[in-house]
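In what follows, a structure is listed as structure tokens, so that the remarks can point back to it.
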Amino acid sequence: MYNDNPTLNLQNKTIDPNKQGEVFFKEQKEGQENKKKFYIESYGCSMNFSDSEIVASILGDVGFTATRNIEESDLILINTCSIREKAEETVRKRLRVFDKTKKQKPDMLVGVLGCMAERLKKKFLEEEKLVDLVVGPDAYRDLPNLVASAETGEKGINVLLSREETYADISPVRLGSNGVTAFISIMRGCDNMCSFCVVPFTRGRERSRDAFSVVAEATNLYNEGYKEVTLLGQNVDSYKWENPETGEVVSFAQLLVMVAAVHPDLRVRFSTSHPKDITDDVLFAIRDYENICKYIHLPIQSGNSRILDLMNRTYDREWYINKVKRIYEIVPDCAISSDIITGFCSETEEEHQETLSMIELARYSMSYMFFYSERPGTLAARKLEDDIPLEVKKKRLSEVIRIQAQVSYQHNQQDIGNTFKVLIEGDSKRSDKEFKGRNSQNKMIVFPKKSGIKAGDYVFVKVNDATSVTLKGEII
Ligand code: 5AD
Ligand code: SF4
């Protein structure tokens, strides 16, 4: 789900590698020519992309419009990611580029949003003097005030994390949208203390959003012509919202069903699932509702029980295998994908082999694969030695990538001859004579266009060819 290392993603659903740092753009309407303009780039997970849409809405309310032209912008925002060192490096490089633009246009403001804000506020504001604004993920409502104070020459900073903020009442402005698929953030933060992960520190405590506001957002999207929503959270299966009026508690399985009930033509996806929290009720909902997609992103991180324990993942290899079995038992046509980290602290060659065998055992349709990168402040940074040499981490990563490519290839070959219901997302990357779309299992399928059919339509496509990344077919 993260895009600081796009070359390592075999089939990247939510973050297209070419979209890294994509400039979001909202058409300027007539009469808005003199309004102030902001330019925003997003890095990292889907949640960050979704947050940028909340930021666009908040800025829109105080008269800003979006632009994709840095030179004409009054405010440059960069929504940052801290998950791995490389993501942070990328952001630093971009800030140096913006700094050059700012030298030619001194009134322009530059702001850092998101996960790097809390971690590096001091450095950005005081030492490097690269930015005018630093705003953490729970402080976006304060952006108009912070921009106003930055305009007077004061530094605008708010990195306070909240236990309540879910931005439930804010209607995101869909940026860079294909008009067919959209993200809906259903919760924020994370209470799982995976020892390698910085997210609990940068995004704070877990909190779930009002279920009715989620359903209302899905309904609005459907009425605007969208055909697919992805419910987002760091750990969606621990979604839990208590209705303050009735005391009734809505679980993730119940929320899924509520959103699926918006309309049978609105597809529902979700990400990310933690193996320890996904319940049979969620699997039954996937089985029982045609429009809940048969696809689960179920990160394993490592295939070895000792490493999983050091990672504080709270499950072991056997437990995970049983979970995968249960998924295939209840939803036989489900595709499962994963996140994998190689070279975590003290990982031996034998333990790494267990990760390789897990890819085959679980039959992942694809994985996001990374080598371990120590993050300051995490449990692992404090308690464990980052003792696997970089070359070894990278070698193990290349093995994981190789095995996953083989498994993905086999997975896709098995689809040849089968027919899938595909939601058309737009033209394929290669040709405007072809459409691209996804099946329920989240596989990208490319096929020749037919007259009278457009993006947003469902079509039945028979698969006649496959690589490890894409299926090819024809409308039947
Ligand atoms: N090093 C490498 N990969 C990491 N991830 C999270 N933290 C780190 C880290 N310190 C990966 C995990 C997670 C995904 C979003 O990013 O696989 O599931
Ligand atoms: Fe990080 Fe673990 Fe939370 Fe995912 S579940 S955001 S890996 S702490």
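All residue names refer to the structure tokens as shown: chains lettered A, B, ... in order, residues numbered from 1 in each chain, ligands numbered from 1 in order.
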
**Message:** Just want the residues within 10 Å of ligand 2, written as a VMD selection string, counting only C-alpha atoms and all ligand atoms.
**Reply:** chain A and resid 83 188 to 206 233 to 236 272 to 276 299 to 301 311 to 313 339 378

Only N, CA, C and O atoms, please: the residues just picked out, written as a tab-separated table (two decimals), in the first residue's frame.
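Final file, result-v6.tsv:
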chain	number	residue	atom	x	y	z
A	83	ILE	N	7.19	5.69	6.79
A	83	ILE	CA	7.19	4.25	7.06
A	83	ILE	C	8.57	3.63	6.86
A	83	ILE	O	8.98	2.77	7.61
A	188	ARG	N	-8.80	5.90	12.05
A	188	ARG	CA	-7.48	6.53	12.00
A	188	ARG	C	-6.62	5.96	13.10
A	188	ARG	O	-7.11	5.43	14.08
A	189	GLY	N	-5.30	6.06	12.92
A	189	GLY	CA	-4.36	5.62	13.94
A	189	GLY	C	-4.23	4.11	14.01
A	189	GLY	O	-4.84	3.37	13.23
A	190	CYS	N	-3.42	3.64	14.94
A	190	CYS	CA	-3.24	2.20	15.11
A	190	CYS	C	-2.78	1.91	16.53
A	190	CYS	O	-1.91	2.59	17.05
A	191	ASP	N	-3.42	0.90	17.15
A	191	ASP	CA	-3.03	0.51	18.52
A	191	ASP	C	-2.18	-0.75	18.55
A	191	ASP	O	-1.86	-1.25	19.62
A	192	ASN	N	-1.84	-1.27	17.37
A	192	ASN	CA	-0.98	-2.46	17.36
A	192	ASN	C	0.46	-1.99	17.40
A	192	ASN	O	0.86	-1.20	16.58
A	193	MET	N	1.18	-2.53	18.32
A	193	MET	CA	2.56	-2.08	18.42
A	193	MET	C	3.49	-3.06	17.70
A	193	MET	O	4.31	-3.73	18.33
A	194	CYS	N	3.36	-3.17	16.38
A	194	CYS	CA	4.32	-3.99	15.63
A	194	CYS	C	5.68	-3.33	15.84
A	194	CYS	O	5.80	-2.11	15.67
A	195	SER	N	6.68	-4.12	16.19
A	195	SER	CA	7.91	-3.51	16.70
A	195	SER	C	8.67	-2.72	15.64
A	195	SER	O	9.46	-1.85	15.97
A	196	PHE	N	8.43	-3.02	14.36
A	196	PHE	CA	9.16	-2.32	13.29
A	196	PHE	C	8.48	-1.02	12.86
A	196	PHE	O	9.04	-0.26	12.08
A	197	CYS	N	7.28	-0.78	13.35
A	197	CYS	CA	6.42	0.21	12.68
A	197	CYS	C	6.29	1.55	13.40
A	197	CYS	O	6.06	1.61	14.60
A	198	VAL	N	6.40	2.59	12.64
A	198	VAL	CA	6.39	3.95	13.19
A	198	VAL	C	4.96	4.54	13.22
A	198	VAL	O	4.72	5.55	13.89
A	199	VAL	N	4.02	3.86	12.55
A	199	VAL	CA	2.68	4.42	12.40
A	199	VAL	C	1.98	4.77	13.73
A	199	VAL	O	1.40	5.85	13.86
A	200	PRO	N	2.04	3.88	14.74
A	200	PRO	CA	1.37	4.25	16.00
A	200	PRO	C	1.91	5.56	16.58
A	200	PRO	O	1.19	6.26	17.29
A	201	PHE	N	3.15	5.90	16.26
A	201	PHE	CA	3.74	7.13	16.78
A	201	PHE	C	3.39	8.34	15.91
A	201	PHE	O	3.24	9.44	16.41
A	202	THR	N	3.29	8.13	14.60
A	202	THR	CA	3.02	9.27	13.72
A	202	THR	C	1.53	9.54	13.56
A	202	THR	O	1.13	10.66	13.28
A	203	ARG	N	0.70	8.50	13.72
A	203	ARG	CA	-0.74	8.69	13.49
A	203	ARG	C	-1.58	8.52	14.74
A	203	ARG	O	-2.80	8.68	14.70
A	204	GLY	N	-0.93	8.13	15.84
A	204	GLY	CA	-1.62	8.12	17.12
A	204	GLY	C	-2.56	6.95	17.34
A	204	GLY	O	-2.52	5.94	16.62
A	205	ARG	N	-3.44	7.10	18.34
A	205	ARG	CA	-4.30	6.01	18.79
A	205	ARG	C	-5.40	5.72	17.77
A	205	ARG	O	-5.82	6.60	17.03
A	206	GLU	N	-5.81	4.47	17.82
A	206	GLU	CA	-6.86	4.03	16.89
A	206	GLU	C	-8.23	4.60	17.30
A	206	GLU	O	-8.56	4.61	18.48
A	233	GLY	N	-8.25	1.79	6.56
A	233	GLY	CA	-7.79	1.94	7.93
A	233	GLY	C	-6.50	1.15	8.07
A	233	GLY	O	-6.24	0.26	7.27
A	234	GLN	N	-5.70	1.46	9.08
A	234	GLN	CA	-4.46	0.69	9.27
A	234	GLN	C	-4.80	-0.75	9.64
A	234	GLN	O	-4.04	-1.66	9.40
A	235	ASN	N	-5.96	-0.93	10.27
A	235	ASN	CA	-6.36	-2.24	10.76
A	235	ASN	C	-7.88	-2.29	10.77
A	235	ASN	O	-8.51	-2.22	11.82
A	236	VAL	N	-8.48	-2.42	9.59
A	236	VAL	CA	-9.93	-2.25	9.47
A	236	VAL	C	-10.72	-3.26	10.31
A	236	VAL	O	-11.84	-2.96	10.75
A	272	THR	N	-6.43	-2.15	5.49
A	272	THR	CA	-5.70	-3.39	5.53
A	272	THR	C	-6.24	-4.29	6.64
A	272	THR	O	-6.68	-3.78	7.68
A	273	SER	N	-6.17	-5.62	6.45
A	273	SER	CA	-6.63	-6.55	7.48
A	273	SER	C	-5.44	-7.05	8.29
A	273	SER	O	-4.41	-7.39	7.73
A	274	HIS	N	-5.63	-7.11	9.60
A	274	HIS	CA	-4.60	-7.73	10.44
A	274	HIS	C	-5.05	-9.16	10.71
A	274	HIS	O	-6.19	-9.38	11.13
A	275	PRO	N	-4.16	-10.14	10.45
A	275	PRO	CA	-4.57	-11.54	10.60
A	275	PRO	C	-5.19	-11.85	11.96
A	275	PRO	O	-6.09	-12.68	12.06
A	276	LYS	N	-4.74	-11.15	13.00
A	276	LYS	CA	-5.26	-11.49	14.33
A	276	LYS	C	-6.71	-11.00	14.51
A	276	LYS	O	-7.41	-11.48	15.39
A	299	PRO	N	-1.39	-8.91	5.45
A	299	PRO	CA	0.08	-8.92	5.58
A	299	PRO	C	0.58	-9.95	6.59
A	299	PRO	O	0.08	-10.01	7.71
A	300	ILE	N	1.56	-10.75	6.16
A	300	ILE	CA	2.16	-11.70	7.10
A	300	ILE	C	3.42	-11.14	7.72
A	300	ILE	O	3.76	-11.43	8.84
A	301	GLN	N	4.19	-10.36	6.98
A	301	GLN	CA	5.46	-9.74	7.39
A	301	GLN	C	6.62	-10.72	7.41
A	301	GLN	O	7.68	-10.44	6.86
A	311	MET	N	8.59	-9.33	16.05
A	311	MET	CA	7.87	-8.23	15.39
A	311	MET	C	6.63	-7.81	16.18
A	311	MET	O	5.97	-6.84	15.83
A	312	ASN	N	6.30	-8.61	17.20
A	312	ASN	CA	5.11	-8.35	18.01
A	312	ASN	C	3.83	-8.40	17.18
A	312	ASN	O	2.92	-7.58	17.37
A	313	ARG	N	3.77	-9.36	16.27
A	313	ARG	CA	2.59	-9.45	15.42
A	313	ARG	C	1.44	-10.21	16.10
A	313	ARG	O	0.33	-10.26	15.58
A	339	ASP	N	2.01	-8.25	2.79
A	339	ASP	CA	3.19	-7.40	2.93
A	339	ASP	C	4.27	-8.27	3.56
A	339	ASP	O	3.97	-9.04	4.48
A	378	THR	N	10.80	3.33	17.35
A	378	THR	CA	9.98	2.11	17.38
A	378	THR	C	10.54	1.14	18.43
A	378	THR	O	11.68	1.27	18.87

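With only C-alpha atoms as the atoms that count, the minimum distance from Ser171 (chain A) to the choices A:Leu379, A:Leu232, A:Ile58, A:Ala66 is reached by A:Ile58.
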
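Near Ile321 (chain A), within 12 Å and counting only C-alpha atoms, sit Pro275, Lys276, Leu298, Ile300, Gly303, Asn304, Ser305, Tyr315, Asp316, Arg326, Ile327, Tyr328, Ser357, Met358, Ile359, Glu360, Leu361, Ala362 and Arg363 of chain A; same-chain residues fewer than 5 positions away were not included.
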
Selection file, N, CA and C atoms, as a PDB file, in the first residue's frame:
ATOM      1  N   PRO A 275      -4.155 -10.142  10.446  1.00  0.00           N
ATOM      2  CA  PRO A 275      -4.565 -11.544  10.596  1.00  0.00           C
ATOM      3  C   PRO A 275      -5.190 -11.848  11.964  1.00  0.00           C
ATOM      4  N   LYS A 276      -4.742 -11.155  13.002  1.00  0.00           N
ATOM      5  CA  LYS A 276      -5.263 -11.487  14.329  1.00  0.00           C
ATOM      6  C   LYS A 276      -6.708 -11.004  14.515  1.00  0.00           C
ATOM      7  N   LEU A 298      -3.772  -9.329   3.536  1.00  0.00           N
ATOM      8  CA  LEU A 298      -3.550  -9.923   4.859  1.00  0.00           C
ATOM      9  C   LEU A 298      -2.041 -10.025   5.129  1.00  0.00           C
ATOM     10  N   ILE A 300       1.560 -10.747   6.156  1.00  0.00           N
ATOM     11  CA  ILE A 300       2.159 -11.702   7.100  1.00  0.00           C
ATOM     12  C   ILE A 300       3.424 -11.136   7.723  1.00  0.00           C
ATOM     13  N   GLY A 303       7.395 -15.310   7.593  1.00  0.00           N
ATOM     14  CA  GLY A 303       6.797 -16.640   7.666  1.00  0.00           C
ATOM     15  C   GLY A 303       7.331 -17.453   8.839  1.00  0.00           C
ATOM     16  N   ASN A 304       8.140 -16.844   9.673  1.00  0.00           N
ATOM     17  CA  ASN A 304       8.766 -17.583  10.780  1.00  0.00           C
ATOM     18  C   ASN A 304       8.230 -17.112  12.141  1.00  0.00           C
ATOM     19  N   SER A 305       7.904 -18.084  12.991  1.00  0.00           N
ATOM     20  CA  SER A 305       7.235 -17.746  14.256  1.00  0.00           C
ATOM     21  C   SER A 305       8.119 -16.944  15.208  1.00  0.00           C
ATOM     22  N   TYR A 315       0.672 -13.311  16.294  1.00  0.00           N
ATOM     23  CA  TYR A 315       0.247 -14.612  15.764  1.00  0.00           C
ATOM     24  C   TYR A 315       1.515 -15.340  15.362  1.00  0.00           C
ATOM     25  N   ASP A 316       1.420 -16.652  15.168  1.00  0.00           N
ATOM     26  CA  ASP A 316       2.600 -17.366  14.663  1.00  0.00           C
ATOM     27  C   ASP A 316       2.273 -18.002  13.311  1.00  0.00           C
ATOM     28  N   ARG A 326      -8.949 -21.028   6.491  1.00  0.00           N
ATOM     29  CA  ARG A 326     -10.324 -20.638   6.806  1.00  0.00           C
ATOM     30  C   ARG A 326     -10.883 -19.719   5.703  1.00  0.00           C
ATOM     31  N   ILE A 327     -10.032 -18.802   5.235  1.00  0.00           N
ATOM     32  CA  ILE A 327     -10.486 -17.884   4.178  1.00  0.00           C
ATOM     33  C   ILE A 327     -10.858 -18.680   2.930  1.00  0.00           C
ATOM     34  N   TYR A 328      -9.954 -19.593   2.507  1.00  0.00           N
ATOM     35  CA  TYR A 328     -10.236 -20.358   1.282  1.00  0.00           C
ATOM     36  C   TYR A 328     -11.427 -21.314   1.478  1.00  0.00           C
ATOM     37  N   SER A 357       8.633 -20.078   1.735  1.00  0.00           N
ATOM     38  CA  SER A 357       7.672 -21.186   1.605  1.00  0.00           C
ATOM     39  C   SER A 357       6.249 -20.705   1.889  1.00  0.00           C
ATOM     40  N   MET A 358       6.143 -19.695   2.715  1.00  0.00           N
ATOM     41  CA  MET A 358       4.819 -19.155   3.054  1.00  0.00           C
ATOM     42  C   MET A 358       4.128 -18.540   1.834  1.00  0.00           C
ATOM     43  N   ILE A 359       4.933 -17.926   0.962  1.00  0.00           N
ATOM     44  CA  ILE A 359       4.350 -17.295  -0.238  1.00  0.00           C
ATOM     45  C   ILE A 359       3.647 -18.363  -1.071  1.00  0.00           C
ATOM     46  N   GLU A 360       4.302 -19.537  -1.157  1.00  0.00           N
ATOM     47  CA  GLU A 360       3.709 -20.625  -1.945  1.00  0.00           C
ATOM     48  C   GLU A 360       2.513 -21.235  -1.225  1.00  0.00           C
ATOM     49  N   LEU A 361       2.685 -21.404   0.082  1.00  0.00           N
ATOM     50  CA  LEU A 361       1.611 -22.017   0.863  1.00  0.00           C
ATOM     51  C   LEU A 361       0.325 -21.188   0.837  1.00  0.00           C
ATOM     52  N   ALA A 362       0.490 -19.888   1.014  1.00  0.00           N
ATOM     53  CA  ALA A 362      -0.692 -19.011   1.088  1.00  0.00           C
ATOM     54  C   ALA A 362      -1.234 -18.672  -0.299  1.00  0.00           C
ATOM     55  N   ARG A 363      -0.447 -18.978  -1.342  1.00  0.00           N
ATOM     56  CA  ARG A 363      -0.826 -18.675  -2.726  1.00  0.00           C
ATOM     57  C   ARG A 363      -1.226 -17.199  -2.898  1.00  0.00           C
TER      58      ARG A 363
END

**Asked** Taking only C-alpha atoms into account, which of A:Ala380, A:Ile286, A:Val268, A:Val400 comes nearest Ile341 (chain A)?
**Response**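 Comparing A:Ala380, A:Ile286, A:Val268, A:Val400 against Ile341 (chain A), the winner is A:Val400.
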
**Request:** Can you work out which one of A:Val392, A:Leu308, A:Val463, A:Ile54 has the shortest atom-to-atom distance to Ile416 (chain A), counting only C-alpha atoms?
**Result:**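 Closest to Ile416 (chain A) of all the choices is A:Val463.
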